[in-house]
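Have a look at entry15.tsv below; it lists TSV, C-alpha atoms and all ligand atoms.
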```tsv
chain	number	residue	atom	x	y	z
H	16	MET	CA	-34.94	46.45	-41.98
H	17	LYS	CA	-37.57	48.04	-44.17
H	18	LEU	CA	-36.10	50.14	-47.00
H	19	PRO	CA	-37.83	53.35	-48.12
H	20	PHE	CA	-39.72	52.66	-51.37
H	21	SER	CA	-37.51	54.85	-53.59
H	22	LEU	CA	-34.33	53.14	-52.35
H	23	ALA	CA	-35.85	49.69	-52.80
H	24	ALA	CA	-36.92	50.64	-56.32
H	25	ALA	CA	-33.44	51.94	-57.11
H	26	LEU	CA	-31.86	48.71	-55.88
H	27	LEU	CA	-34.29	46.63	-57.90
H	28	LEU	CA	-33.99	48.65	-61.10
H	29	PRO	CA	-30.87	46.94	-62.43
H	30	CYS	CA	-32.92	43.71	-62.49
H	31	ALA	CA	-35.84	45.41	-64.20
H	32	LEU	CA	-34.49	44.53	-67.63
H	33	ARG	CA	-34.63	47.79	-69.53
H	34	ALA	CA	-32.33	48.63	-72.40
H	35	ALA	CA	-31.22	52.15	-71.55
H	36	ASN	CA	-30.55	54.23	-74.65
H	37	PRO	CA	-28.23	54.03	-76.50
H	38	ILE	CA	-28.37	50.25	-76.58
H	39	ILE	CA	-24.78	49.60	-77.68
H	40	THR	CA	-22.07	51.49	-75.86
H	41	ASP	CA	-18.73	49.72	-76.43
H	42	VAL	CA	-18.41	50.87	-80.06
H	43	PHE	CA	-20.13	53.61	-82.03
H	44	THR	CA	-22.97	52.35	-84.22
H	45	ALA	CA	-25.00	54.27	-86.81
H	46	ASP	CA	-27.76	53.88	-89.39
H	47	PRO	CA	-29.83	51.00	-87.98
H	48	ALA	CA	-31.54	48.57	-90.36
H	49	VAL	CA	-33.60	45.95	-88.58
H	50	ILE	CA	-35.34	42.70	-89.51
H	51	VAL	CA	-37.22	40.06	-87.58
H	52	HIS	CA	-36.44	36.46	-88.54
H	53	ASN	CA	-37.56	33.34	-86.63
H	54	ASP	CA	-38.60	35.49	-83.64
H	55	THR	CA	-35.15	37.06	-83.43
H	56	VAL	CA	-34.39	40.72	-84.16
H	57	TYR	CA	-31.30	41.35	-86.27
H	58	LEU	CA	-29.80	44.83	-86.16
H	59	TYR	CA	-27.43	45.92	-88.96
H	60	VAL	CA	-25.37	49.08	-88.42
H	61	GLY	CA	-22.34	50.89	-89.72
H	62	GLN	CA	-19.45	51.34	-87.29
H	63	ASP	CA	-18.43	54.96	-86.67
H	64	GLU	CA	-14.68	55.34	-86.08
H	65	SER	CA	-14.04	59.03	-86.51
H	66	PRO	CA	-10.65	59.74	-84.92
H	67	GLU	CA	-11.35	63.31	-83.84
H	68	LYS	CA	-14.31	65.06	-82.36
H	69	ASN	CA	-16.61	66.78	-84.88
H	70	SER	CA	-14.46	65.55	-87.73
H	71	ARG	CA	-15.89	63.40	-90.57
H	72	TYR	CA	-17.39	59.99	-91.22
H	73	VAL	CA	-14.90	57.14	-90.89
H	74	MET	CA	-16.90	54.00	-91.59
H	75	ASN	CA	-14.99	50.90	-92.67
H	76	ARG	CA	-17.41	48.06	-91.88
H	77	TRP	CA	-20.93	47.05	-91.08
H	78	LEU	CA	-21.77	45.15	-87.87
H	79	VAL	CA	-24.60	42.80	-86.90
H	80	TYR	CA	-26.30	42.32	-83.54
H	81	SER	CA	-29.19	40.09	-82.52
H	82	SER	CA	-31.69	40.01	-79.68
H	83	THR	CA	-34.81	38.16	-78.63
H	84	ASP	CA	-35.92	40.77	-76.08
H	85	LEU	CA	-34.61	44.11	-77.43
H	86	VAL	CA	-32.67	44.52	-74.18
H	87	ASN	CA	-29.85	41.99	-74.38
H	88	TRP	CA	-27.92	42.29	-77.65
H	89	THR	CA	-25.39	39.77	-78.95
H	90	ALA	CA	-22.60	41.11	-81.16
H	91	HIS	CA	-21.84	38.98	-84.22
H	92	GLY	CA	-18.93	40.97	-85.57
H	93	SER	CA	-18.64	42.32	-89.09
H	94	PRO	CA	-19.83	40.03	-91.88
H	95	LEU	CA	-19.54	42.72	-94.58
H	96	SER	CA	-17.35	45.67	-95.48
H	97	PRO	CA	-16.71	47.75	-98.63
H	98	ALA	CA	-13.59	45.60	-99.18
H	99	ASP	CA	-15.93	42.70	-100.07
H	100	PHE	CA	-16.96	44.58	-103.26
H	101	THR	CA	-14.09	44.67	-105.78
H	102	TRP	CA	-15.67	47.58	-107.68
H	103	ALA	CA	-16.19	49.79	-104.62
H	104	LYS	CA	-13.79	52.12	-102.88
H	105	ASN	CA	-14.93	52.79	-99.34
H	106	ASP	CA	-17.43	54.07	-96.79
H	107	ALA	CA	-19.86	51.73	-95.06
H	108	TRP	CA	-22.83	54.08	-95.04
H	109	ALA	CA	-26.44	53.17	-94.32
H	110	GLY	CA	-27.59	49.79	-95.68
H	111	HIS	CA	-30.68	47.65	-95.47
H	112	VAL	CA	-31.25	43.89	-95.17
H	113	ILE	CA	-34.29	41.95	-96.36
H	114	GLU	CA	-35.10	38.23	-96.49
H	115	LYS	CA	-36.60	36.53	-99.52
H	116	GLY	CA	-36.90	32.80	-100.16
H	117	GLY	CA	-34.48	31.89	-97.38
H	118	LYS	CA	-31.79	34.26	-98.63
H	119	PHE	CA	-30.76	37.56	-97.03
H	120	TYR	CA	-30.01	40.52	-99.27
H	121	TRP	CA	-27.97	43.42	-97.87
H	122	TYR	CA	-28.19	46.61	-99.96
H	123	VAL	CA	-25.32	48.98	-99.20
H	124	PRO	CA	-24.12	52.35	-100.52
H	125	MET	CA	-20.41	52.91	-101.18
H	126	ASN	CA	-18.16	55.12	-103.26
H	127	HIS	CA	-17.67	53.60	-106.70
H	128	ALA	CA	-13.99	53.03	-107.57
H	129	THR	CA	-14.21	53.96	-111.27
H	130	ILE	CA	-17.55	55.62	-112.03
H	131	GLY	CA	-17.28	58.08	-109.14
H	132	GLY	CA	-19.94	59.23	-106.74
H	133	LYS	CA	-21.95	56.97	-104.48
H	134	SER	CA	-23.42	53.72	-105.73
H	135	ILE	CA	-25.48	50.86	-104.31
H	136	GLY	CA	-24.36	47.25	-104.16
H	137	VAL	CA	-26.08	44.11	-102.90
H	138	ALA	CA	-24.62	41.22	-100.95
H	139	VAL	CA	-26.35	37.88	-100.31
H	140	ALA	CA	-26.18	35.21	-97.61
H	141	ASP	CA	-28.00	32.07	-96.52
H	142	SER	CA	-28.19	33.29	-92.92
H	143	PRO	CA	-28.97	36.70	-91.39
H	144	LEU	CA	-25.49	36.57	-89.87
H	145	GLY	CA	-23.72	35.85	-93.14
H	146	PRO	CA	-21.24	35.14	-94.54
H	147	PHE	CA	-22.34	37.72	-97.12
H	148	LYS	CA	-20.83	37.97	-100.58
H	149	ASP	CA	-21.26	40.42	-103.44
H	150	ALA	CA	-24.32	39.13	-105.30
H	151	ARG	CA	-23.50	40.78	-108.65
H	152	GLY	CA	-19.83	41.67	-108.93
H	153	SER	CA	-20.93	45.16	-109.95
H	154	ALA	CA	-23.04	48.00	-108.60
H	155	LEU	CA	-26.83	47.79	-108.79
H	156	VAL	CA	-27.20	51.58	-108.96
H	157	THR	CA	-24.49	54.05	-109.98
H	158	ASN	CA	-24.37	57.82	-109.90
H	159	ASP	CA	-24.69	58.09	-113.69
H	160	MET	CA	-28.06	56.29	-113.56
H	161	THR	CA	-29.75	59.03	-111.50
H	162	LYS	CA	-29.99	62.55	-112.83
H	163	ALA	CA	-32.53	64.26	-110.57
H	164	THR	CA	-29.75	66.04	-108.66
H	165	LYS	CA	-26.26	67.19	-109.61
H	166	ILE	CA	-24.72	65.86	-106.40
H	167	GLY	CA	-22.58	62.72	-106.33
H	168	TRP	CA	-24.08	61.34	-103.11
H	169	ASP	CA	-27.74	60.99	-104.10
H	170	ASP	CA	-27.46	57.18	-104.44
H	171	ILE	CA	-27.28	56.31	-100.75
H	172	ASP	CA	-29.46	54.90	-97.98
H	173	PRO	CA	-31.17	52.03	-99.84
H	174	THR	CA	-34.22	50.44	-98.25
H	175	ALA	CA	-35.93	47.38	-99.70
H	176	PHE	CA	-39.57	46.45	-99.29
H	177	ILE	CA	-41.49	43.34	-100.43
H	178	ASP	CA	-45.20	43.91	-100.94
H	179	ASP	CA	-47.95	41.41	-100.14
H	180	ASP	CA	-48.06	40.44	-103.85
H	181	GLY	CA	-44.37	39.45	-103.70
H	182	GLN	CA	-43.12	42.43	-105.70
H	183	ALA	CA	-39.89	43.84	-104.26
H	184	TRP	CA	-39.02	47.54	-104.38
H	185	LEU	CA	-35.91	49.56	-103.64
H	186	PHE	CA	-36.13	53.13	-102.33
H	187	TRP	CA	-33.05	55.31	-101.76
H	188	GLY	CA	-31.72	58.80	-102.12
H	189	ASN	CA	-30.34	62.07	-100.86
H	190	GLN	CA	-32.16	65.31	-101.75
H	191	LYS	CA	-34.36	63.22	-104.07
H	192	CYS	CA	-36.22	60.07	-103.08
H	193	TYR	CA	-35.72	57.46	-105.82
H	194	TYR	CA	-37.49	54.13	-106.19
H	195	ALA	CA	-37.54	51.20	-108.61
H	196	ARG	CA	-38.91	47.68	-108.88
H	197	LEU	CA	-36.53	44.80	-108.19
H	198	LYS	CA	-36.57	41.63	-110.27
H	199	PRO	CA	-37.52	38.42	-108.44
H	200	ASN	CA	-33.78	37.64	-108.11
H	201	MET	CA	-33.47	40.80	-105.92
H	202	THR	CA	-30.19	41.72	-107.61
H	203	GLU	CA	-31.43	43.63	-110.68
H	204	LEU	CA	-33.70	46.61	-111.20
H	205	ASP	CA	-36.87	45.82	-113.10
H	206	GLY	CA	-37.87	49.00	-114.90
H	207	PRO	CA	-37.09	52.68	-114.71
H	208	ILE	CA	-35.80	54.58	-111.70
H	209	GLN	CA	-38.54	56.95	-110.58
H	210	VAL	CA	-38.57	59.96	-108.26
H	211	VAL	CA	-41.12	60.62	-105.53
H	212	PRO	CA	-42.27	64.20	-106.23
H	213	ASP	CA	-40.78	66.76	-103.81
H	214	ASP	CA	-44.18	67.96	-102.60
H	215	GLN	CA	-45.00	64.40	-101.45
H	216	VAL	CA	-41.80	63.97	-99.38
H	217	LYS	CA	-41.35	67.54	-98.24
H	218	ASN	CA	-37.79	68.69	-97.59
H	219	PHE	CA	-36.46	65.15	-98.17
H	220	THR	CA	-32.87	64.74	-97.03
H	221	GLU	CA	-32.19	60.98	-96.97
H	222	ALA	CA	-32.89	57.71	-95.11
H	223	PRO	CA	-36.18	56.51	-96.64
H	224	TRP	CA	-37.83	53.58	-94.84
H	225	VAL	CA	-40.97	51.87	-96.19
H	226	HIS	CA	-43.36	49.79	-94.12
H	227	LYS	CA	-46.97	48.73	-94.45
H	228	ARG	CA	-49.72	48.30	-91.86
H	229	GLY	CA	-52.99	46.88	-93.09
H	230	ASN	CA	-53.49	48.43	-96.51
H	231	LEU	CA	-51.59	51.62	-95.77
H	232	TYR	CA	-48.00	52.25	-96.90
H	233	TYR	CA	-45.72	54.45	-94.80
H	234	LEU	CA	-42.67	56.24	-96.19
H	235	SER	CA	-40.61	57.78	-93.40
H	236	TYR	CA	-37.47	59.78	-94.11
H	237	ALA	CA	-34.96	62.26	-92.71
H	238	THR	CA	-36.00	65.86	-93.37
H	239	GLY	CA	-33.95	69.08	-93.15
H	240	PHE	CA	-30.51	69.35	-91.60
H	241	PRO	CA	-29.92	68.84	-88.72
H	242	GLU	CA	-32.36	66.08	-89.47
H	243	LYS	CA	-35.75	65.24	-88.05
H	244	ILE	CA	-37.90	62.33	-89.22
H	245	ALA	CA	-41.02	63.02	-91.29
H	246	TYR	CA	-43.39	60.59	-92.95
H	247	ALA	CA	-45.99	60.26	-95.67
H	248	THR	CA	-48.66	57.63	-96.34
H	249	SER	CA	-50.22	56.16	-99.46
H	250	ASP	CA	-52.70	53.53	-100.62
H	251	LYS	CA	-50.15	52.39	-103.20
H	252	ILE	CA	-46.41	51.76	-103.01
H	253	THR	CA	-46.04	53.97	-106.08
H	254	GLY	CA	-47.88	56.87	-104.41
H	255	PRO	CA	-49.16	59.51	-104.52
H	256	TRP	CA	-47.90	60.05	-100.96
H	257	THR	CA	-49.70	62.28	-98.51
H	258	PRO	CA	-47.29	64.19	-96.24
H	259	ARG	CA	-48.16	63.54	-92.57
H	260	GLY	CA	-45.67	65.82	-90.85
H	261	LEU	CA	-43.04	64.96	-88.29
H	262	LEU	CA	-42.62	61.54	-86.76
H	263	SER	CA	-39.62	62.44	-84.62
H	264	GLU	CA	-37.61	65.44	-83.54
H	265	GLY	CA	-33.88	65.43	-84.24
H	266	ALA	CA	-31.41	63.24	-82.35
H	267	PHE	CA	-29.49	64.42	-79.31
H	268	ASN	CA	-25.95	65.54	-80.22
H	269	SER	CA	-26.12	64.29	-83.85
H	270	ASN	CA	-26.99	66.02	-87.12
H	271	THR	CA	-28.39	62.78	-88.49
H	272	ILE	CA	-30.89	60.35	-86.95
H	273	HIS	CA	-31.60	57.57	-89.52
H	274	GLN	CA	-34.66	55.57	-88.41
H	275	ALA	CA	-35.79	51.97	-88.82
H	276	ILE	CA	-39.26	50.67	-87.96
H	277	ILE	CA	-40.33	47.14	-87.02
H	278	ASP	CA	-43.11	45.26	-85.28
H	279	TYR	CA	-41.95	42.68	-82.78
H	280	LYS	CA	-44.06	40.49	-80.50
H	281	GLY	CA	-47.12	42.71	-80.92
H	282	GLN	CA	-45.44	46.09	-80.40
H	283	SER	CA	-43.98	48.65	-82.80
H	284	TYR	CA	-40.47	50.05	-82.41
H	285	PHE	CA	-38.52	53.00	-83.73
H	286	PHE	CA	-34.74	52.54	-84.02
H	287	TYR	CA	-32.49	55.56	-84.60
H	288	HIS	CA	-29.09	56.88	-83.63
H	289	ASN	CA	-27.88	59.81	-81.56
H	290	GLY	CA	-24.54	61.15	-80.30
H	291	ALA	CA	-25.12	60.46	-76.62
H	292	VAL	CA	-22.46	57.87	-75.76
H	293	GLN	CA	-19.44	59.47	-74.10
H	294	HIS	CA	-17.22	56.36	-73.83
H	295	PRO	CA	-14.95	54.98	-75.21
H	296	ASN	CA	-14.82	58.39	-76.82
H	297	THR	CA	-16.98	61.47	-77.07
H	298	GLY	CA	-20.12	60.92	-79.11
H	299	ASP	CA	-21.11	63.41	-81.81
H	300	SER	CA	-22.45	63.54	-85.37
H	301	HIS	CA	-19.72	61.17	-86.57
H	302	ARG	CA	-19.59	58.94	-83.49
H	303	ARG	CA	-23.17	57.83	-83.19
H	304	SER	CA	-25.02	55.22	-81.15
H	305	VAL	CA	-28.18	53.25	-81.88
H	306	CYS	CA	-31.27	53.68	-79.68
H	307	ILE	CA	-34.78	52.12	-79.54
H	308	ASP	CA	-38.06	53.67	-78.47
H	309	HIS	CA	-41.70	52.78	-78.91
H	310	LEU	CA	-43.75	53.69	-81.98
H	311	TYR	CA	-47.49	54.17	-81.52
H	312	TYR	CA	-50.32	54.52	-84.06
H	313	ASN	CA	-53.42	56.68	-83.74
H	314	PRO	CA	-56.78	54.98	-84.42
H	315	ASP	CA	-56.87	56.59	-87.89
H	316	GLY	CA	-53.52	55.02	-88.84
H	317	THR	CA	-51.42	58.15	-88.45
H	318	LEU	CA	-48.33	57.89	-86.26
H	319	LYS	CA	-47.86	59.50	-82.88
H	320	ARG	CA	-44.71	61.59	-82.49
H	321	VAL	CA	-41.92	59.35	-81.16
H	322	LEU	CA	-40.78	60.15	-77.65
H	323	GLN	CA	-37.00	59.72	-77.55
H	324	THR	CA	-35.99	58.47	-74.10
H	325	THR	CA	-32.86	57.61	-72.16
H	326	GLU	CA	-34.72	54.76	-70.45
H	327	GLY	CA	-35.29	52.85	-73.70
H	328	VAL	CA	-37.65	49.89	-73.89
H	329	SER	CA	-38.43	46.82	-71.76
H	330	PRO	CA	-38.68	43.35	-73.26
H	331	PRO	CA	-41.92	43.00	-75.22
H	332	PRO	CA	-44.69	41.12	-73.41
H	333	ALA	CA	-44.63	37.34	-73.81
H	334	ARG	CA	-48.07	37.36	-75.40
H	335	PRO	CA	-48.74	39.78	-78.26
H	336	THR	CA	-51.01	42.69	-77.41
H	337	ALA	CA	-53.73	43.87	-79.81
H	338	PRO	CA	-52.40	46.10	-82.61
H	339	ARG	CA	-52.66	49.80	-81.82
H	401	LIG	O1	-23.75	57.26	-91.92
H	401	LIG	C1	-23.50	58.01	-93.09
H	401	LIG	C2	-24.74	58.71	-93.53
H	401	LIG	O2	-25.21	59.57	-92.49
H	401	LIG	C3	-25.93	57.81	-93.81
H	401	LIG	O3	-25.88	57.20	-95.05
H	401	LIG	C4	-27.07	58.76	-93.63
H	401	LIG	O4	-28.31	58.15	-93.48
H	401	LIG	C5	-26.63	59.51	-92.39
H	401	LIG	O5	-26.97	58.82	-91.22
```
Would you write out, as structure tokens, the structure that this file holds?
Amino acid sequence: MKLPFSLAAALLLPCALRAANPIITDVFTADPAVIVHNDTVYLYVGQDESPEKNSRYVMNRWLVYSSTDLVNWTAHGSPLSPADFTWAKNDAWAGHVIEKGGKFYWYVPMNHATIGGKSIGVAVADSPLGPFKDARGSALVTNDMTKATKIGWDDIDPTAFIDDDGQAWLFWGNQKCYYARLKPNMTELDGPIQVVPDDQVKNFTEAPWVHKRGNLYYLSYATGFPEKIAYATSDKITGPWTPRGLLSEGAFNSNTIHQAIIDYKGQSYFFYHNGAVQHPNTGDSHRRSVCIDHLYYNPDGTLKRVLQTTEGVSPPPARPTAPR
């Protein structure tokens, strides 16, 4: 019997290997940070466990997933939680992992137990899957070190970046975008904490992410509230940054969106979260779920607006395509 084309396509689709968005649906996952190591993508998230709809953040641990095709994701459990830092109180908010010299550094914001306000710690491991342990025994950044705002939650959302010359940088912030050099050991600041001027990261809310393509630096960040993602570019990691407008609209059913950007097997990807998952509970701004869509560049190096989809992405082609 010959099937009509649409029915045949529908029957074949489950084999078509697409990661429908959101990509993880058995638990709520927020604040993606993503690295590529040995051809494998590692996805680091915070677990959302808010007990009631539209309630508040309940985030007690970070989780790790891995994939070699961006479609099939393996869960590796939770190799890090605020309880692993004796000086910290709680809240597994948005972190960032980076590899240097065979070690993996995980920068995470948490409430400080004695100083008060948010602070940033760093854990280290010999593998992207851990085990991770507190690399310092104390916070790397505390609320009393940053004075550009009066709020206690401006020291969140760290993102680390290693430049082609080997110099590592840490960016972070809420309301103000802070940055500082890191020492070669990756566990100490090397110089003063600086602030990206407001007119260079317009309406900065949080979630900075730095990447580089060719000689151009990109600083993307959450803007406004409910958040959208905007970005700026620069010839130098220290700026000045030129605002380039919006990279993404806000996320479905979530006030926050928190992006991560990687290249993998010749394509560029934009990770983010939304509130779309309805099981095991109802998704919302505090029960979020990570998604992936494509990121495309214009010939002049500016970024095309990300199209958020429910279809998600297919596995990248086996052979890298030319950079766009
Ligand atoms: O997940 C808690 C906070 O919400 C993160 O630190 C921000 O980026 C926002 O996603």
**Request:** Please check which residues have atoms at most 8 Å from (-39.5, 56.5, -88.4) in the file's coordinates, counting only C-alpha atoms, and write them as a ChimeraX atom specification.
**Result:** /H:224,235-236,244-246,262-263,274-276,285-286
**Request:** For each of H:Gly290, H:Pro97, H:Pro37, H:Gly110, take the minimum atom-to-atom distance to ligand LIG 401 (chain H), counting only C-alpha atoms and all ligand atoms, then give the residue where this is smallest.
**Result:**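 So, comparing all the options, the nearest one is H:Gly110.
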**Prompt:** What residues have any atom no more than 9 Å from ligand LIG 401 (chain H) when counting all atoms listed in the file, and can you list them as a PyMOL selection string?
**Reply:** chain H and resi 45-47+61-63+72-74+106-110+124+171-173+189+220-223+237+270-274+288+300-301+303
**Who sits within 12 Å of H:Gly92, all atoms listed in the file, same chain under 6 positions skipped, as a list in words** =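 Surrounding residues, per the criterion: Val42, Leu58, Tyr59, Val60, Gly61, Gln62, Arg76, Trp77, Leu78, Val79, Tyr80, Ser81, Leu144, Gly145 and Pro146 of chain H.
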**Prompt:** Which one is closest to H:Asn36: H:Tyr287, H:Gly316, H:Ala140, H:Ile208? Count only C-alpha atoms.
**Reply:**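 Smallest separation from H:Asn36 among the options: H:Tyr287.
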**Message:** Using only C-alpha atoms, which protein or nucleic acid residues come within 10 Å of H:Lys191? Drop anything in the same chain fewer than 2 positions from it, and give the result as a VMD selection string.
**Reply:** chain H and resid 161 to 164 169 to 170 187 to 189 193 to 194 209 to 213 216 218 to 221
**Fill in**
From atom CA of H:Asp141 to atom CA of H:Gly117 the spacing works out at 6.5 Å
**Request:** May I ask for the distance between atom CA of H:Thr257 and atom CA of H:Gln215, given in Å to one decimal place?
**Result:**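 Calculated distance between atom CA of H:Thr257 and atom CA of H:Gln215 is 5.9 Å.
Across H:Trp121, H:Phe100, H:Tyr232, H:Tyr284, the tightest approach to H:Leu85 is made by H:Tyr284 when counting all atoms listed in the file.
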Would you mind listing what lies within 10 Å of H:Asn87 as a tab-separated table (two decimals) with C-alpha atoms, in the frame of the given file, with all atoms listed in the file counted and same-chain residues fewer than 5 positions away left out?
```tsv
chain	number	residue	atom	x	y	z
H	32	LEU	CA	-34.49	44.53	-67.63
H	33	ARG	CA	-34.63	47.79	-69.53
H	34	ALA	CA	-32.33	48.63	-72.40
H	38	ILE	CA	-28.37	50.25	-76.58
H	39	ILE	CA	-24.78	49.60	-77.68
H	80	TYR	CA	-26.30	42.32	-83.54
H	81	SER	CA	-29.19	40.09	-82.52
H	82	SER	CA	-31.69	40.01	-79.68
H	330	PRO	CA	-38.68	43.35	-73.26
```
**Message:** I'd like the interatomic distance between atom CA of H:Ser329 and atom CA of H:Ala35, to a tenth of an Å.
**Reply:**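 Computing the Euclidean distance for atom CA of H:Ser329 and atom CA of H:Ala35 yields 9.0 Å.
Across H:Phe267, H:Tyr120, H:Phe43, H:Tyr57, the tightest approach to H:Tyr279 is made by H:Tyr57 when counting only C-alpha atoms.
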**Item:** Near-H:Lys198 list (12 Å; only C-alpha atoms; drop same-chain fewer than 3 positions) as a ChimeraX atom specification
**Value:** /H:115,155,177,181-185,195,201-207
Starting from the incomplete input, reconstruct N, CA and C atoms of stretch 288-304 of chain H and write that as a compact mmCIF listing (two decimals), keeping the file's coordinate frame.
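Final output, result25.txt:
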```
# COMPACT_ATOMS: atom_id res chain seq x y z
N HIS H 288 -30.36 56.68 -84.33
CA HIS H 288 -29.09 56.88 -83.63
C HIS H 288 -29.01 58.30 -83.10
N ASN H 289 -28.19 58.47 -82.05
CA ASN H 289 -27.88 59.81 -81.56
C ASN H 289 -26.40 59.88 -81.22
N GLY H 290 -25.97 60.99 -80.63
CA GLY H 290 -24.54 61.15 -80.30
C GLY H 290 -24.31 61.15 -78.81
N ALA H 291 -25.10 60.35 -78.09
CA ALA H 291 -25.12 60.46 -76.62
C ALA H 291 -23.99 59.73 -75.91
N VAL H 292 -23.45 58.66 -76.50
CA VAL H 292 -22.46 57.87 -75.76
C VAL H 292 -21.17 58.69 -75.58
N GLN H 293 -20.64 58.68 -74.38
CA GLN H 293 -19.44 59.47 -74.10
C GLN H 293 -18.19 58.60 -73.92
N HIS H 294 -18.36 57.28 -73.93
CA HIS H 294 -17.22 56.36 -73.83
C HIS H 294 -17.40 55.30 -74.89
N PRO H 295 -16.36 54.77 -75.50
CA PRO H 295 -14.95 54.98 -75.21
C PRO H 295 -14.41 56.32 -75.69
N ASN H 296 -15.23 57.10 -76.31
CA ASN H 296 -14.82 58.39 -76.82
C ASN H 296 -16.02 59.32 -76.74
N THR H 297 -15.87 60.54 -77.18
CA THR H 297 -16.98 61.47 -77.07
C THR H 297 -17.90 61.36 -78.28
N GLY H 298 -19.17 61.05 -78.03
CA GLY H 298 -20.12 60.92 -79.11
C GLY H 298 -20.40 62.25 -79.78
N ASP H 299 -20.70 62.21 -81.07
CA ASP H 299 -21.11 63.41 -81.81
C ASP H 299 -21.72 62.96 -83.14
N SER H 300 -21.80 63.85 -84.09
CA SER H 300 -22.45 63.54 -85.37
C SER H 300 -21.73 62.46 -86.17
N HIS H 301 -20.48 62.20 -85.85
CA HIS H 301 -19.72 61.17 -86.57
C HIS H 301 -19.31 60.01 -85.67
N ARG H 302 -19.80 60.05 -84.44
CA ARG H 302 -19.59 58.94 -83.49
C ARG H 302 -20.94 58.71 -82.83
N ARG H 303 -21.76 57.94 -83.56
CA ARG H 303 -23.17 57.83 -83.19
C ARG H 303 -23.48 56.50 -82.52
N SER H 304 -24.66 56.42 -81.92
CA SER H 304 -25.02 55.22 -81.15
C SER H 304 -26.50 54.92 -81.34
```
